[in-house]
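Below is one structure, written out as structure tokens; the observations come after it.
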Amino acid sequence: MKRIKFLAMMFVGLLISTMSFADDRPVPVNQLPAPVHTFVKQHFQGQTILYAEKDNNHYECFLSDGTQLDFYCKGDWKKVDTENMSAVPAVLIPAAIQQYIKATFPGTIITKIEKERYGYDIELSNDLELKFNHQGVLLRMDD
């Protein structure tokens, strides 16, 4: 019985410590990696980083226009989400995906792009979500 209680307490302690490491922690903007600042200056001129958080794997930043940016720990971008306010900078979108969107969904803009293991997750201004592989071939569409 003592052994079971001991193991249960160990499990609970391990679970609590794991959960605390996964929590997002606020990060002072001046402590973000230099590539994050460079990315914002290059692609979001006139915007400032209002708030940033960090967990074990990435940084999450919120810009003054409401855009959310996610970066891997070394500063490479992972996600750009403009919250349907504006278009994702075209330079971040592979050419094949741009061409597909322009031909298939004229009049829409890309409001979110996220790099995934399989390729890219794209969200359009009409709320469609498209998944592309790394070559820009459409894999799936969700509404």
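By order in the structure tokens, chains are A, B, ...; within a chain, residues start at 1; ligands start at 1, following the order shown.
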
So which residues touch Asn30 of chain A within 12 Å, counting only C-alpha atoms, skipping near sequence neighbours fewer than 2 positions away, as a ChimeraX atom specification? /A:26-28,32-37,48-52

If we count only C-alpha atoms and set the cut-off at 10 Å, which residues sit around Ala90 of chain A, ignoring sequence neighbours fewer than 5 positions away in its own chain? Please answer as a ChimeraX atom specification. /A:43,95,98,109-110

Just the selected residues (C-alpha atoms), exported as a CSV table (one decimal), in the first residue's frame, please.
chain,number,residue,atom,x,y,z
A,43,HIS,CA,7.6,42.4,-42.9
A,95,ALA,CA,4.7,31.0,-55.2
A,98,GLN,CA,0.0,32.1,-54.2
A,109,ILE,CA,-6.5,37.2,-49.2
A,110,ILE,CA,-4.4,34.9,-47.1

DSSP on the backbone, helix (DSSP H, G or I) only: what residues of chain A does that give? Format it as an MDAnalysis selection string. chainID A and resid 2:22 29:31 34:43 90:92 95:104

Test item: residues at most 8 Å from Asp142 of chain A, only C-alpha atoms, excluding those fewer than 4 positions along its chain, as a ChimeraX atom specification: /A:128-130

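Of the listed residues (A:Asp127, A:Asp121, A:Glu53, A:Glu83), A:Glu53 comes nearest to Asp70 of chain A; the distances count only C-alpha atoms.
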
Could you pull the residues within 12 Å of Ile101 of chain A, counting only C-alpha atoms, minus those fewer than 2 positions along the same chain, as a PyMOL selection string? chain A and resi 90+93-99+103-111+122-126+128-132+136-138

Restrict the selected residues to N, CA and C atoms and save them as a compact mmCIF listing (two decimals), in the first residue's frame.
# COMPACT_ATOMS: atom_id res chain seq x y z
N ALA A 90 3.20 38.74 -48.79
CA ALA A 90 3.33 37.80 -49.92
C ALA A 90 4.67 37.08 -49.95
N ILE A 93 4.76 33.57 -48.51
CA ILE A 93 3.90 32.53 -49.09
C ILE A 93 4.59 31.94 -50.33
N PRO A 94 4.79 30.62 -50.36
CA PRO A 94 5.40 30.01 -51.54
C PRO A 94 4.61 30.36 -52.81
N ALA A 95 5.34 30.55 -53.89
CA ALA A 95 4.75 30.99 -55.17
C ALA A 95 3.64 30.06 -55.65
N ALA A 96 3.83 28.75 -55.52
CA ALA A 96 2.81 27.80 -55.99
C ALA A 96 1.50 27.98 -55.23
N ILE A 97 1.59 28.27 -53.95
CA ILE A 97 0.38 28.48 -53.14
C ILE A 97 -0.28 29.79 -53.54
N GLN A 98 0.51 30.82 -53.74
CA GLN A 98 -0.04 32.11 -54.18
C GLN A 98 -0.80 31.95 -55.49
N GLN A 99 -0.21 31.24 -56.44
CA GLN A 99 -0.84 31.05 -57.74
C GLN A 99 -2.15 30.28 -57.61
N ALA A 103 -5.85 31.86 -58.55
CA ALA A 103 -6.65 31.25 -59.61
C ALA A 103 -7.96 30.66 -59.09
N THR A 104 -7.95 30.09 -57.90
CA THR A 104 -9.10 29.36 -57.39
C THR A 104 -10.04 30.21 -56.54
N PHE A 105 -9.47 31.17 -55.82
CA PHE A 105 -10.27 32.00 -54.92
C PHE A 105 -9.98 33.48 -55.16
N PRO A 106 -10.32 34.00 -56.35
CA PRO A 106 -10.04 35.40 -56.64
C PRO A 106 -10.79 36.31 -55.65
N GLY A 107 -10.14 37.38 -55.27
CA GLY A 107 -10.75 38.34 -54.36
C GLY A 107 -10.55 38.03 -52.89
N THR A 108 -9.95 36.88 -52.58
CA THR A 108 -9.66 36.56 -51.18
C THR A 108 -8.21 36.87 -50.87
N ILE A 109 -7.91 37.00 -49.60
CA ILE A 109 -6.52 37.18 -49.18
C ILE A 109 -6.17 36.10 -48.18
N ILE A 110 -4.89 35.83 -48.06
CA ILE A 110 -4.40 34.88 -47.07
C ILE A 110 -4.20 35.64 -45.77
N THR A 111 -4.94 35.21 -44.73
CA THR A 111 -4.87 35.90 -43.45
C THR A 111 -4.06 35.14 -42.40
N ILE A 122 -2.99 27.17 -44.42
CA ILE A 122 -3.35 28.51 -44.90
C ILE A 122 -4.80 28.78 -44.53
N GLU A 123 -5.08 30.00 -44.08
CA GLU A 123 -6.47 30.41 -43.87
C GLU A 123 -6.74 31.63 -44.73
N LEU A 124 -7.90 31.63 -45.38
CA LEU A 124 -8.28 32.72 -46.28
C LEU A 124 -9.27 33.66 -45.60
N SER A 125 -9.45 34.82 -46.20
CA SER A 125 -10.38 35.82 -45.67
C SER A 125 -11.83 35.35 -45.72
N ASN A 126 -12.14 34.31 -46.49
CA ASN A 126 -13.49 33.74 -46.52
C ASN A 126 -13.63 32.57 -45.54
N LEU A 128 -12.00 29.82 -45.25
CA LEU A 128 -11.57 28.49 -45.69
C LEU A 128 -10.17 28.21 -45.17
N GLU A 129 -9.94 26.97 -44.78
CA GLU A 129 -8.61 26.55 -44.35
C GLU A 129 -8.10 25.53 -45.35
N LEU A 130 -6.91 25.78 -45.87
CA LEU A 130 -6.32 24.92 -46.89
C LEU A 130 -4.99 24.37 -46.37
N LYS A 131 -4.75 23.12 -46.70
CA LYS A 131 -3.49 22.50 -46.32
C LYS A 131 -2.75 22.12 -47.59
N PHE A 132 -1.48 22.56 -47.67
CA PHE A 132 -0.64 22.31 -48.83
C PHE A 132 0.60 21.56 -48.39
N GLY A 136 3.50 22.94 -52.65
CA GLY A 136 2.38 23.79 -52.97
C GLY A 136 1.18 23.06 -53.54
N VAL A 137 1.14 21.75 -53.39
CA VAL A 137 0.01 20.96 -53.87
C VAL A 137 -1.04 20.88 -52.76
N LEU A 138 -2.30 21.18 -53.10
CA LEU A 138 -3.38 21.15 -52.13
C LEU A 138 -3.60 19.74 -51.63

Computed gap from atom CA of Glu60 of chain A to atom CA of Tyr120 of chain A is 18.2 Å

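Using only C-alpha atoms, the shortest contact distance between Val80 of chain A and any of A:Lys112, A:Tyr118, A:Gln31, A:Asn56 is found at A:Lys112.
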
Could you jot down the atom CA of His134 of chain A to atom CA of Tyr72 of chain A separation for me, Å, one decimal place? 18.4 Å

All residues 8 Å or closer to Leu69 of chain A, only C-alpha atoms, same chain fewer than 3 positions away omitted, as a PyMOL selection string: chain A and resi 60-63+77-81

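You can rank A:Arg140, A:Leu92, A:Lys54, A:Ser86 by their closest distance to Thr67 of chain A using only C-alpha atoms, and at the top of that list sits A:Ser86.
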
Looking only at the backbone, which of the residues in segment 3-141 of chain A does DSSP tag as strand (DSSP E or B), as a ChimeraX atom specification? /A:25-26,49-54,58-63,68-72,77-81,110-115,119-124,129-133,138-141

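Computed from the coordinates, the atom CA of Asp65 of chain A to atom CA of Gly119 of chain A distance equals 26.9 Å.
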